[in-house]
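Everything below belongs to final.txt, which stores compact mmCIF, C-alpha atoms.
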```txt
# COMPACT_ATOMS: atom_id res chain seq x y z
CA MET A 1 1.15 126.36 -72.40
CA THR A 2 1.72 125.72 -76.10
CA THR A 3 -0.93 123.52 -77.70
CA VAL A 4 0.36 120.83 -80.07
CA VAL A 5 -1.29 121.80 -83.36
CA PRO A 6 0.66 121.26 -86.60
CA THR A 7 0.82 124.58 -88.47
CA SER A 8 2.69 123.34 -91.52
CA GLU A 9 2.83 120.27 -93.73
CA GLU A 10 4.76 118.38 -91.03
CA ASP A 11 3.24 115.02 -90.16
CA PRO A 12 1.36 115.13 -86.81
CA ALA A 13 3.47 112.23 -85.48
CA LEU A 14 6.67 114.07 -86.34
CA ALA A 15 5.29 117.24 -84.73
CA VAL A 16 4.65 115.28 -81.52
CA VAL A 17 8.18 113.86 -81.54
CA ARG A 18 9.61 117.36 -82.02
CA PHE A 19 7.44 118.83 -79.25
CA THR A 20 8.12 116.10 -76.69
CA SER A 21 11.84 115.93 -77.40
CA GLU A 22 12.16 119.71 -77.05
CA LEU A 23 10.33 119.41 -73.74
CA ALA A 24 12.57 116.56 -72.58
CA TRP A 25 15.83 118.32 -73.48
CA ALA A 26 14.82 121.85 -72.50
CA ASP A 27 17.22 121.95 -69.55
CA ALA A 28 20.24 120.62 -71.44
CA GLY A 29 21.18 123.88 -73.15
CA PRO A 30 20.36 125.08 -76.70
CA GLU A 31 23.14 123.24 -78.56
CA ALA A 32 22.65 119.88 -76.86
CA ALA A 33 18.89 120.21 -77.12
CA GLU A 34 18.97 121.00 -80.84
CA GLU A 35 21.26 118.03 -81.53
CA GLN A 36 19.06 115.57 -79.62
CA VAL A 37 15.82 116.92 -81.11
CA SER A 38 17.23 116.59 -84.63
CA ARG A 39 18.42 113.06 -83.90
CA LEU A 40 15.03 111.98 -82.55
CA CYS A 41 13.13 113.58 -85.42
CA LEU A 42 15.40 111.84 -87.94
CA GLU A 43 14.85 108.52 -86.18
CA ALA A 44 11.09 109.11 -86.27
CA GLN A 45 11.17 109.90 -89.99
CA GLU A 46 13.13 106.71 -90.70
CA SER A 47 10.58 104.65 -88.77
CA MET A 48 7.75 106.26 -90.73
CA VAL A 49 9.41 105.66 -94.11
CA MET A 50 10.23 102.03 -93.22
CA GLY A 51 6.78 101.42 -91.75
CA ARG A 52 8.21 100.52 -88.34
CA TRP A 53 5.15 101.76 -86.46
CA LEU A 54 5.90 99.91 -83.24
CA ASP A 55 9.34 101.56 -83.07
CA LEU A 56 7.76 104.94 -83.74
CA ALA A 57 5.22 104.44 -80.98
CA SER A 58 8.00 103.44 -78.58
CA LEU A 59 9.97 106.56 -79.50
CA MET A 60 6.95 108.84 -79.00
CA LEU A 61 6.19 107.30 -75.62
CA THR A 62 9.71 107.86 -74.23
CA SER A 63 8.72 111.12 -72.55
CA ALA A 64 5.15 110.09 -71.63
CA ASP A 65 5.64 110.59 -67.88
CA LEU A 66 7.12 114.02 -68.50
CA MET A 67 4.10 114.98 -70.60
CA PHE A 68 1.65 114.18 -67.83
CA ALA A 69 3.72 116.24 -65.40
CA LYS A 70 4.50 119.34 -67.50
CA VAL A 71 1.82 119.59 -70.19
CA SER A 72 -1.81 120.65 -69.82
CA ASP A 73 -4.50 117.98 -69.88
CA LYS A 74 -5.76 119.25 -73.23
CA ASP A 75 -2.29 118.98 -74.77
CA VAL A 76 -1.67 115.54 -73.27
CA GLU A 77 -4.92 114.32 -74.80
CA CYS A 78 -3.93 115.83 -78.14
CA ILE A 79 -0.49 114.19 -78.05
CA PHE A 80 -1.89 110.77 -77.17
CA THR A 81 -4.56 111.07 -79.86
CA VAL A 82 -1.71 111.21 -82.38
CA ILE A 83 0.15 108.35 -80.69
CA CYS A 84 -2.94 106.14 -80.40
CA ASN A 85 -3.79 106.77 -84.04
CA LEU A 86 -0.64 104.86 -84.99
CA VAL A 87 -2.51 101.59 -84.31
CA THR A 88 -4.45 102.19 -87.55
CA LYS A 89 -1.24 102.07 -89.63
CA PRO A 90 0.02 98.43 -89.54
CA GLU A 91 -1.63 95.69 -91.55
CA SER A 92 -0.51 92.98 -89.14
CA LEU A 93 -2.97 92.40 -86.27
CA ASP A 94 -0.11 91.04 -84.16
CA GLU A 95 1.81 94.29 -84.56
CA VAL A 96 -1.32 96.30 -83.75
CA HIS A 97 -1.77 94.26 -80.58
CA GLU A 98 1.85 94.83 -79.54
CA MET A 99 1.36 98.56 -80.07
CA ALA A 100 -1.84 98.49 -77.99
CA LYS A 101 0.07 96.71 -75.21
CA LEU A 102 2.91 99.23 -75.40
CA ILE A 103 0.66 102.33 -75.37
CA SER A 104 -1.75 101.10 -72.71
CA GLY A 105 1.15 99.93 -70.53
CA LYS A 106 2.69 103.39 -70.61
CA ILE A 107 -0.63 105.08 -69.84
CA ILE A 108 -1.33 103.03 -66.70
CA GLN A 109 2.17 103.30 -65.20
CA GLN A 110 1.15 106.09 -62.81
CA PRO A 111 -2.52 105.31 -62.03
CA ASN A 112 -2.82 107.93 -59.29
CA ASP A 113 -1.60 110.80 -61.51
CA LYS A 114 -4.54 112.23 -63.49
CA PRO A 115 -6.36 108.86 -63.59
CA ALA A 116 -9.50 110.25 -65.24
CA LEU A 117 -7.45 111.67 -68.12
CA ARG A 118 -5.53 108.41 -68.50
CA LEU A 119 -8.82 106.51 -68.58
CA LYS A 120 -10.16 108.80 -71.30
CA ILE A 121 -7.03 108.17 -73.40
CA LEU A 122 -7.46 104.41 -72.99
CA PHE A 123 -11.05 104.64 -74.21
CA ASN A 124 -9.85 106.62 -77.23
CA LEU A 125 -7.32 103.87 -77.94
CA TYR A 126 -10.04 101.24 -77.55
CA ASN A 127 -12.22 102.94 -80.16
CA LEU A 128 -9.37 103.04 -82.68
CA LEU A 129 -8.77 99.28 -82.49
CA GLU A 130 -10.49 96.83 -84.81
CA ASN A 131 -9.10 93.55 -83.45
CA PRO A 132 -11.63 92.24 -80.85
CA TYR A 133 -9.01 90.73 -78.56
CA SER A 134 -6.93 93.92 -78.57
CA ARG A 135 -10.07 95.80 -77.57
CA PHE A 136 -10.64 93.39 -74.70
CA PHE A 137 -7.01 93.78 -73.61
CA VAL A 138 -7.29 97.59 -73.48
CA TYR A 139 -10.66 97.39 -71.71
CA MET A 140 -9.09 95.29 -68.96
CA LYS A 141 -6.32 97.87 -68.59
CA ALA A 142 -9.00 100.54 -68.25
CA LEU A 143 -10.83 98.45 -65.67
CA ASN A 144 -7.71 98.03 -63.55
CA LEU A 145 -6.78 101.70 -63.95
CA ALA A 146 -10.24 102.79 -62.79
CA LEU A 147 -9.84 100.61 -59.71
CA SER A 148 -6.24 101.62 -58.89
CA GLY A 149 -6.83 105.30 -59.59
CA LYS A 150 -10.15 105.34 -57.72
CA VAL A 151 -12.13 106.70 -60.68
CA THR A 152 -14.51 103.76 -61.00
CA GLU A 153 -17.48 106.04 -61.67
CA HIS A 154 -16.11 106.69 -65.17
CA ILE A 155 -16.22 103.03 -66.20
CA LEU A 156 -19.51 102.00 -64.57
CA PRO A 157 -21.72 102.94 -67.58
CA SER A 158 -19.85 100.45 -69.77
CA PHE A 159 -21.01 97.54 -67.60
CA LYS A 160 -24.49 97.81 -69.12
CA LYS A 161 -22.98 96.76 -72.46
CA ILE A 162 -20.93 93.82 -71.19
CA ASP A 163 -23.14 91.21 -72.86
CA SER A 164 -22.69 92.82 -76.28
CA PHE A 165 -18.97 93.26 -75.59
CA LEU A 166 -18.65 89.55 -74.83
CA LYS A 167 -20.24 88.67 -78.18
CA GLU A 168 -17.86 91.02 -79.95
CA TRP A 169 -14.69 89.97 -78.12
CA ASN A 170 -15.41 86.20 -78.24
CA ILE A 171 -12.90 85.61 -75.45
CA GLU A 172 -11.89 82.37 -73.72
CA ILE A 173 -13.02 81.20 -70.29
CA LYS A 174 -9.89 82.42 -68.50
CA ASP A 175 -10.41 85.91 -69.92
CA LYS A 176 -14.07 85.88 -68.91
CA ARG A 177 -13.03 85.03 -65.37
CA GLU A 178 -10.63 87.96 -65.29
CA LEU A 179 -13.33 90.25 -66.67
CA PHE A 180 -16.13 89.21 -64.30
CA LEU A 181 -13.89 89.37 -61.25
CA GLY A 182 -12.53 92.75 -62.29
CA ILE A 183 -16.03 94.19 -62.69
CA ALA A 184 -17.10 92.76 -59.33
CA ASN A 185 -14.10 94.43 -57.69
CA VAL A 186 -14.89 97.77 -59.32
CA LEU A 187 -18.51 97.59 -58.18
CA LYS A 188 -17.39 96.78 -54.65
CA GLU A 189 -14.94 99.70 -54.62
CA ASN A 190 -17.62 102.03 -55.96
CA LYS A 191 -19.99 100.86 -53.22
CA SER A 192 -22.64 100.19 -55.84
CA SER A 193 -25.59 97.92 -55.25
CA SER A 194 -24.50 94.70 -53.58
CA LYS A 195 -26.72 92.89 -56.08
CA ASP A 196 -24.63 94.18 -58.99
CA SER A 197 -21.35 93.04 -57.44
CA PHE A 198 -22.93 89.71 -56.48
CA LYS A 199 -24.20 89.23 -60.05
CA PHE A 200 -20.69 89.36 -61.51
CA LEU A 201 -19.22 87.25 -58.73
CA THR A 202 -21.73 84.52 -59.59
CA LYS A 203 -20.88 84.90 -63.29
CA TYR A 204 -17.24 84.39 -62.34
CA LEU A 205 -18.01 81.27 -60.28
CA ALA A 206 -20.24 79.87 -63.02
CA THR A 207 -17.21 79.60 -65.33
CA PHE A 208 -15.80 76.85 -63.08
CA SER A 209 -17.50 73.65 -64.14
CA GLY A 210 -15.81 70.32 -64.65
CA GLU A 211 -12.31 71.63 -64.03
CA ASP A 212 -9.67 69.67 -62.16
CA ALA A 213 -9.29 70.20 -58.42
CA TYR A 214 -6.31 72.53 -58.84
CA THR A 215 -8.14 74.87 -61.23
CA MET A 216 -11.30 74.72 -59.14
CA GLY A 217 -9.22 75.65 -56.10
CA GLU A 218 -8.49 79.03 -57.69
CA ALA A 219 -12.10 79.97 -57.04
CA LYS A 220 -12.20 79.09 -53.33
CA GLU A 221 -11.60 82.54 -51.91
CA GLU A 222 -14.02 84.18 -54.31
CA ALA A 223 -16.57 81.47 -53.52
CA VAL A 224 -16.32 82.37 -49.84
CA ARG A 225 -16.53 86.07 -50.70
CA THR A 226 -19.69 85.44 -52.74
CA ILE A 227 -21.33 83.56 -49.88
CA ILE A 228 -20.50 86.36 -47.45
CA GLU A 229 -21.87 88.94 -49.89
CA PHE A 230 -25.14 87.02 -50.10
CA VAL A 231 -25.47 86.55 -46.35
CA LYS A 232 -24.66 90.22 -45.68
CA ALA A 233 -27.02 91.67 -48.29
CA PRO A 234 -30.27 92.81 -46.64
CA ASP A 235 -32.17 92.73 -49.94
CA MET A 236 -31.11 89.36 -51.41
CA PHE A 237 -33.11 86.30 -50.42
CA GLN A 238 -32.73 83.98 -53.41
CA CYS A 239 -29.76 82.45 -55.22
CA ASP A 240 -28.56 79.27 -56.90
CA LEU A 241 -25.11 79.13 -55.30
CA LEU A 242 -25.61 75.64 -53.91
CA ASP A 243 -25.78 74.28 -57.47
CA MET A 244 -22.36 75.67 -58.41
CA PRO A 245 -19.33 73.33 -58.33
CA ALA A 246 -17.13 76.23 -57.20
CA ILE A 247 -19.33 76.57 -54.12
CA GLY A 248 -19.81 72.83 -53.61
CA GLN A 249 -16.06 72.26 -53.22
CA LEU A 250 -16.21 74.15 -49.91
CA GLU A 251 -18.51 71.61 -48.27
CA LYS A 252 -15.68 69.27 -47.29
CA ASP A 253 -12.90 71.82 -47.24
CA ALA A 254 -11.11 71.88 -43.88
CA LYS A 255 -10.70 75.64 -44.02
CA TYR A 256 -14.01 76.83 -45.45
CA ALA A 257 -16.58 74.15 -44.60
CA LEU A 258 -18.26 76.41 -42.02
CA VAL A 259 -18.93 79.05 -44.66
CA TYR A 260 -20.65 76.47 -46.86
CA GLN A 261 -22.66 75.30 -43.86
CA LEU A 262 -23.75 78.88 -43.19
CA LEU A 263 -24.95 79.30 -46.78
CA LYS A 264 -26.88 76.06 -46.59
CA ILE A 265 -28.63 77.25 -43.42
CA PHE A 266 -29.66 80.51 -45.06
CA LEU A 267 -31.00 78.78 -48.16
CA THR A 268 -32.59 75.63 -46.77
CA GLN A 269 -33.20 75.98 -43.02
CA ARG A 270 -34.76 78.32 -40.46
CA LEU A 271 -33.75 80.66 -37.66
CA ASP A 272 -33.23 77.96 -35.03
CA ALA A 273 -30.58 76.29 -37.23
CA TYR A 274 -28.71 79.58 -37.59
CA LEU A 275 -28.79 80.26 -33.85
CA GLU A 276 -27.47 76.76 -33.13
CA PHE A 277 -24.71 77.27 -35.73
CA GLN A 278 -23.70 80.61 -34.26
CA THR A 279 -23.61 79.28 -30.71
CA ALA A 280 -21.64 76.18 -31.63
CA ASN A 281 -19.08 77.90 -33.85
CA SER A 282 -18.58 81.45 -32.57
CA THR A 283 -15.38 80.55 -30.73
CA LEU A 284 -14.11 78.38 -33.55
CA LEU A 285 -14.75 81.08 -36.14
CA LYS A 286 -12.66 83.60 -34.22
CA SER A 287 -9.74 81.18 -34.20
CA TYR A 288 -9.35 81.42 -37.98
CA GLY A 289 -7.62 84.78 -37.55
CA ASN A 290 -6.00 86.39 -40.55
CA ASN A 291 -6.34 83.31 -42.73
CA PHE A 292 -10.07 83.69 -42.74
CA PHE A 293 -11.68 86.85 -41.45
CA VAL A 294 -9.22 89.51 -42.48
CA VAL A 295 -8.59 88.17 -45.97
CA LEU A 296 -12.17 87.20 -46.73
CA SER A 297 -14.06 89.78 -44.66
CA PHE A 298 -16.08 87.19 -42.78
CA SER A 299 -15.89 89.37 -39.70
CA SER A 300 -18.05 91.95 -41.45
CA LEU A 301 -21.12 89.82 -40.73
CA VAL A 302 -23.29 91.32 -38.01
CA HIS A 303 -25.11 88.75 -35.88
CA GLU A 304 -28.21 90.94 -35.42
CA ASP A 305 -28.46 91.53 -39.19
CA CYS A 306 -28.18 87.81 -39.81
CA ILE A 307 -31.03 87.16 -37.37
CA THR A 308 -33.20 89.74 -39.15
CA LYS A 309 -32.55 88.14 -42.52
CA MET A 310 -33.09 84.62 -41.21
CA ARG A 311 -36.43 85.64 -39.68
CA LEU A 312 -37.64 86.86 -43.05
CA MET A 313 -36.34 83.77 -44.82
CA SER A 314 -37.88 81.51 -42.18
CA LEU A 315 -41.24 83.24 -42.65
CA VAL A 316 -41.00 82.71 -46.40
CA ASP A 317 -40.18 79.06 -45.80
CA LEU A 318 -43.31 78.69 -43.67
CA GLY A 319 -45.39 80.11 -46.50
CA SER A 320 -43.80 77.85 -49.11
CA SER A 321 -44.04 74.58 -47.23
CA GLY A 322 -47.49 74.92 -45.64
CA SER A 323 -51.07 74.68 -46.85
CA GLY A 324 -51.29 78.36 -47.71
CA GLN A 325 -52.20 79.35 -44.18
CA ILE A 326 -49.71 80.10 -41.42
CA PRO A 327 -50.97 80.35 -37.83
CA TYR A 328 -49.74 83.37 -35.91
CA ALA A 329 -48.49 81.04 -33.18
CA LEU A 330 -46.28 79.15 -35.62
CA ILE A 331 -44.76 82.41 -36.87
CA ARG A 332 -44.16 83.51 -33.28
CA ASP A 333 -42.39 80.29 -32.34
CA THR A 334 -40.37 79.95 -35.57
CA LEU A 335 -39.16 83.56 -35.60
CA ARG A 336 -38.74 83.61 -31.79
CA ILE A 337 -40.67 86.82 -31.39
CA SER A 338 -43.61 87.99 -29.26
CA GLU A 339 -47.22 87.77 -30.42
CA ASP A 340 -47.32 91.54 -30.83
CA GLU A 341 -44.50 91.39 -33.38
CA VAL A 342 -46.03 88.79 -35.72
CA GLU A 343 -47.90 91.21 -37.96
CA MET A 344 -44.90 93.55 -38.08
CA TRP A 345 -42.72 90.78 -39.53
CA VAL A 346 -45.42 89.80 -42.02
CA VAL A 347 -45.53 93.42 -43.21
CA LYS A 348 -41.73 93.41 -43.51
CA ALA A 349 -41.91 90.33 -45.71
CA ILE A 350 -44.59 91.95 -47.88
CA THR A 351 -42.57 95.17 -48.15
CA ALA A 352 -39.52 93.17 -49.24
CA LYS A 353 -41.75 91.53 -51.91
CA LEU A 354 -41.01 88.12 -50.45
CA MET A 355 -44.65 87.15 -50.23
CA ASP A 356 -48.18 88.19 -51.11
CA CYS A 357 -50.62 87.46 -48.32
CA LYS A 358 -53.49 88.66 -46.15
CA MET A 359 -53.68 88.69 -42.39
CA ASP A 360 -56.82 87.20 -40.86
CA GLN A 361 -56.75 88.77 -37.41
CA MET A 362 -60.00 87.10 -36.38
CA ASN A 363 -58.66 83.58 -36.95
CA GLN A 364 -55.04 84.52 -36.23
CA VAL A 365 -53.69 83.15 -39.52
CA VAL A 366 -51.78 84.53 -42.50
CA ILE A 367 -53.30 83.50 -45.85
CA VAL A 368 -50.47 83.22 -48.40
CA SER A 369 -51.02 83.55 -52.14
CA ARG A 370 -47.36 83.75 -53.24
CA CYS A 371 -43.91 83.20 -51.75
CA THR A 372 -40.42 83.74 -53.09
CA GLU A 373 -38.39 80.53 -53.30
CA ARG A 374 -34.97 80.80 -51.67
CA VAL A 375 -33.54 78.34 -54.19
CA PHE A 376 -34.85 77.34 -57.59
CA SER A 377 -33.60 73.84 -58.18
CA GLN A 378 -35.06 70.75 -59.87
CA HIS A 379 -37.77 70.44 -57.23
CA GLN A 380 -38.99 74.00 -57.85
CA TRP A 381 -38.97 73.48 -61.61
CA GLN A 382 -41.04 70.33 -61.20
CA THR A 383 -43.51 72.16 -58.97
CA LEU A 384 -43.78 74.96 -61.52
CA ARG A 385 -44.34 72.45 -64.30
CA THR A 386 -47.13 70.81 -62.31
CA LYS A 387 -48.80 74.17 -61.65
CA LEU A 388 -48.55 75.16 -65.31
CA ALA A 389 -50.06 71.83 -66.36
CA THR A 390 -52.92 72.36 -63.89
CA TRP A 391 -53.52 75.91 -65.13
CA ARG A 392 -53.45 74.72 -68.74
CA GLY A 393 -56.01 72.03 -67.90
CA ASN A 394 -58.24 74.54 -66.12
CA ILE A 395 -58.07 76.96 -69.04
CA ALA A 396 -58.88 74.14 -71.49
CA ASN A 397 -61.91 73.21 -69.38
CA VAL A 398 -63.10 76.82 -69.32
CA ILE A 399 -62.72 77.13 -73.11
CA SER A 400 -64.56 73.83 -73.62
CA THR A 401 -67.38 74.97 -71.34
CA ILE A 402 -67.69 78.30 -73.16
CA GLN A 403 -67.79 76.57 -76.55
CA THR A 404 -70.40 74.05 -75.34
CA ASN A 405 -72.58 76.84 -73.94
CA LYS A 406 -72.21 78.80 -77.17
CA VAL A 407 -73.35 75.81 -79.28
CA THR A 408 -76.27 75.19 -76.92
CA GLU A 409 -77.27 78.85 -77.04
CA GLU A 410 -77.09 78.96 -80.84
CA ALA A 411 -79.20 75.78 -81.10
CA SER A 412 -81.77 77.20 -78.69
CA GLN A 413 -81.99 80.42 -80.69
CA GLY A 414 -82.51 78.38 -83.88
CA VAL A 415 -85.40 76.40 -82.37
CA GLN A 416 -87.05 79.59 -81.13
CA GLY A 417 -86.84 81.03 -84.69
CA LEU A 418 -88.64 78.01 -86.15
CA MET A 419 -91.39 78.23 -83.52
CA THR A 420 -91.93 81.92 -84.33
CA ARG A 421 -92.52 81.17 -88.00
```
Since I need it in another form, could you write the structure as structure tokens?
Amino acid sequence: MTTVVPTSEEDPALAVVRFTSELAWADAGPEAAEEQVSRLCLEAQESMVMGRWLDLASLMLTSADLMFAKVSDKDVECIFTVICNLVTKPESLDEVHEMAKLISGKIIQQPNDKPALRLKILFNLYNLLENPYSRFFVYMKALNLALSGKVTEHILPSFKKIDSFLKEWNIEIKDKRELFLGIANVLKENKSSSKDSFKFLTKYLATFSGEDAYTMGEAKEEAVRTIIEFVKAPDMFQCDLLDMPAIGQLEKDAKYALVYQLLKIFLTQRLDAYLEFQTANSTLLKSYGNNFFVVLSFSSLVHEDCITKMRLMSLVDLGSSGSGQIPYALIRDTLRISEDEVEMWVVKAITAKLMDCKMDQMNQVVIVSRCTERVFSQHQWQTLRTKLATWRGNIANVISTIQTNKVTEEASQGVQGLMTR
């Protein structure tokens, strides 16, 4: 396969036009091909002389699909490097943005055909752009291409830089929503950590605050999805979802109220409440059919897994609300387990880093030194403030005592020195 490398003084853009037009008209016969190639090259030259860079880009992209099909990956990358470099020519940012839209739109037209190569070309285009919003636009195209073409692993590393990207792009709320939801979808498709996907879902929901009911309603399905992700995750035991307006709107929603109720049970109640909920609503939940389970994946919840998670969260709740000591019998009754299983569940909670404690087998109690809070609302902040104030007072008393003892010791040493003389 011939590599597109200019060997004369011909402009690289003109060389690409000549190469692609010869490729496109190769089957038309020598005379027809020569006529069309000459016409296209002349049109390209006119666009270059007149500074019509958008027209030139459009002309060069005419045979883009043919290039991906008939040219080697190396040559395709070379051709698109020349095409993408056109965005550095115009002085108008609006024209640059239109060119970025045109080029990226052509690249993503066939997402399942060489998606990794297409993604690489989009990243090259991104790096050539100076306008922050144009960069954001191309990044979103890359995000969607990675998802559609099932090459999400190539875009995952960029998620670590999202905070710095957001500062650079300075985008509006609606764009942030599109970004956060897109990243969450990529992470879900890639089967990455459920915590990572959940993190961006909550970022998405956090952008809905104070909007009208219609706008807030846009977040309903993702709010339900976020709740389900939290309930399903075996390693997530704390969140602030109940404080989010996008979640709160579900409480009185005829369609999704049960999902909100389930979240509230997991964050504020114990195992018995979950078992009562499941018994009372199992038949009703099934009746939602496609409107609920299929679309929102509620059916992916496994009852046994929910019980396991609720037992751990109930144990944590016992440690948080008690006097620092939990009788074995109370754990047994609350978790609905046998006496022989009590210590096993305490070890599970310790392993999950939900609590720090010691088991007093002689007195049949668990002595708790720390527990993870399921929610961290105003009450928890107030408790933390009280503890910090107490610790500060204790430290001040210790310092005062040390200083008093130091003065006393120095005075005593002084008196002993006088007596010696």
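The environment of region 234-248 of chain A within 6 Å, counting only C-alpha atoms and disregarding residues fewer than 4 places along the same chain, consists of Leu205, Ala223, Arg374 and Val375 of chain A.
Distance check against Val17 (chain A) using all atoms listed in the file: of A:Ile107, A:Met355, A:Leu66, A:Ile83, the minimum falls on A:Ile83.
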### Task
Find, counting only C-alpha atoms, the residue in A:Val407, A:Ile162, A:Ala116, A:Val231 that gets nearest to Phe136 (chain A).
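Smallest distance to Phe136 (chain A) is found for A:Ile162.
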### Message
Report, in Å to a single decimal, how far apart CA of Asp333 (chain A) and CA of Cys357 (chain A) are.
### Response
19.4 Å
List the neighbours of region 186-190 of chain A out to 6 Å using only C-alpha atoms; skip same-chain residues closer than 3 positions along the sequence, and give me the result as an mmCIF file with C-alpha atoms, in the frame of the given file.
```
data_model
loop_
_atom_site.group_PDB
_atom_site.id
_atom_site.type_symbol
_atom_site.label_atom_id
_atom_site.label_comp_id
_atom_site.auth_asym_id
_atom_site.auth_seq_id
_atom_site.Cartn_x
_atom_site.Cartn_y
_atom_site.Cartn_z
ATOM 1 C CA LEU A 147 -9.840 100.610 -59.710
ATOM 2 C CA ILE A 183 -16.030 94.190 -62.690
ATOM 3 C CA SER A 197 -21.350 93.040 -57.440
#
```
### Task
Go through A:Ala32, A:Cys371, A:Ala146, A:Leu201 one by one, measure the shortest atom-to-atom distance of each to Asp317 (chain A) using all atoms listed in the file, and give the residue with the smallest value.
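Closest to Asp317 (chain A) of all the choices is A:Cys371.
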Nearby residues (all atoms listed in the file) at most 9 Å from region 175-178 of chain A, same-chain spacing under 6 positions excluded, as a compact mmCIF listing (two decimals) with C-alpha atoms, keeping the file's coordinate frame:
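Written output follows (result.txt):
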```txt
# COMPACT_ATOMS: atom_id res chain seq x y z
CA PHE A 136 -10.64 93.39 -74.70
CA MET A 140 -9.09 95.29 -68.96
CA LEU A 166 -18.65 89.55 -74.83
CA LYS A 203 -20.88 84.90 -63.29
CA TYR A 204 -17.24 84.39 -62.34
CA LEU A 205 -18.01 81.27 -60.28
CA THR A 207 -17.21 79.60 -65.33
CA PHE A 208 -15.80 76.85 -63.08
```
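Interatomic distance, CA of Leu330 (chain A) against CA of Arg370 (chain A): 18.2 Å.
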### Query
Pick the closest to Asp113 (chain A) from A:Tyr328, A:Phe277, A:Phe200, A:Phe68: which is it, counting all atoms listed in the file?
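Comparing A:Tyr328, A:Phe277, A:Phe200, A:Phe68 against Asp113 (chain A), the winner is A:Phe68.
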Completion of region 151-162 of chain A up to N, CA and C atoms, as a PDB file, keeping the file's coordinate frame:
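What follows is the written file result.pdb:
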```pdb
ATOM      1  N   VAL A 151     -11.220 105.952 -59.817  1.00  0.00           N
ATOM      2  CA  VAL A 151     -12.130 106.700 -60.680  1.00  0.00           C
ATOM      3  C   VAL A 151     -13.135 105.735 -61.314  1.00  0.00           C
ATOM      4  N   THR A 152     -13.626 104.818 -60.495  1.00  0.00           N
ATOM      5  CA  THR A 152     -14.510 103.760 -61.000  1.00  0.00           C
ATOM      6  C   THR A 152     -15.798 104.303 -61.588  1.00  0.00           C
ATOM      7  N   GLU A 153     -16.213 105.504 -61.161  1.00  0.00           N
ATOM      8  CA  GLU A 153     -17.480 106.040 -61.670  1.00  0.00           C
ATOM      9  C   GLU A 153     -17.433 106.266 -63.182  1.00  0.00           C
ATOM     10  N   HIS A 154     -16.231 106.424 -63.735  1.00  0.00           N
ATOM     11  CA  HIS A 154     -16.110 106.690 -65.170  1.00  0.00           C
ATOM     12  C   HIS A 154     -16.275 105.428 -66.024  1.00  0.00           C
ATOM     13  N   ILE A 155     -16.122 104.271 -65.414  1.00  0.00           N
ATOM     14  CA  ILE A 155     -16.220 103.030 -66.200  1.00  0.00           C
ATOM     15  C   ILE A 155     -17.527 102.273 -65.939  1.00  0.00           C
ATOM     16  N   LEU A 156     -18.263 102.684 -64.912  1.00  0.00           N
ATOM     17  CA  LEU A 156     -19.510 102.000 -64.570  1.00  0.00           C
ATOM     18  C   LEU A 156     -20.511 101.930 -65.729  1.00  0.00           C
ATOM     19  N   PRO A 157     -20.722 103.011 -66.495  1.00  0.00           N
ATOM     20  CA  PRO A 157     -21.720 102.940 -67.580  1.00  0.00           C
ATOM     21  C   PRO A 157     -21.441 101.839 -68.599  1.00  0.00           C
ATOM     22  N   SER A 158     -20.176 101.476 -68.776  1.00  0.00           N
ATOM     23  CA  SER A 158     -19.850 100.450 -69.770  1.00  0.00           C
ATOM     24  C   SER A 158     -20.331  99.060 -69.357  1.00  0.00           C
ATOM     25  N   PHE A 159     -20.597  98.870 -68.065  1.00  0.00           N
ATOM     26  CA  PHE A 159     -21.010  97.540 -67.600  1.00  0.00           C
ATOM     27  C   PHE A 159     -22.374  97.135 -68.168  1.00  0.00           C
ATOM     28  N   LYS A 160     -23.174  98.122 -68.539  1.00  0.00           N
ATOM     29  CA  LYS A 160     -24.490  97.810 -69.120  1.00  0.00           C
ATOM     30  C   LYS A 160     -24.359  97.159 -70.487  1.00  0.00           C
ATOM     31  N   LYS A 161     -23.186  97.303 -71.109  1.00  0.00           N
ATOM     32  CA  LYS A 161     -22.980  96.760 -72.460  1.00  0.00           C
ATOM     33  C   LYS A 161     -22.116  95.504 -72.459  1.00  0.00           C
ATOM     34  N   ILE A 162     -21.854  94.957 -71.289  1.00  0.00           N
ATOM     35  CA  ILE A 162     -20.930  93.820 -71.190  1.00  0.00           C
ATOM     36  C   ILE A 162     -21.383  92.635 -72.044  1.00  0.00           C
TER      37      ILE A 162
END
```
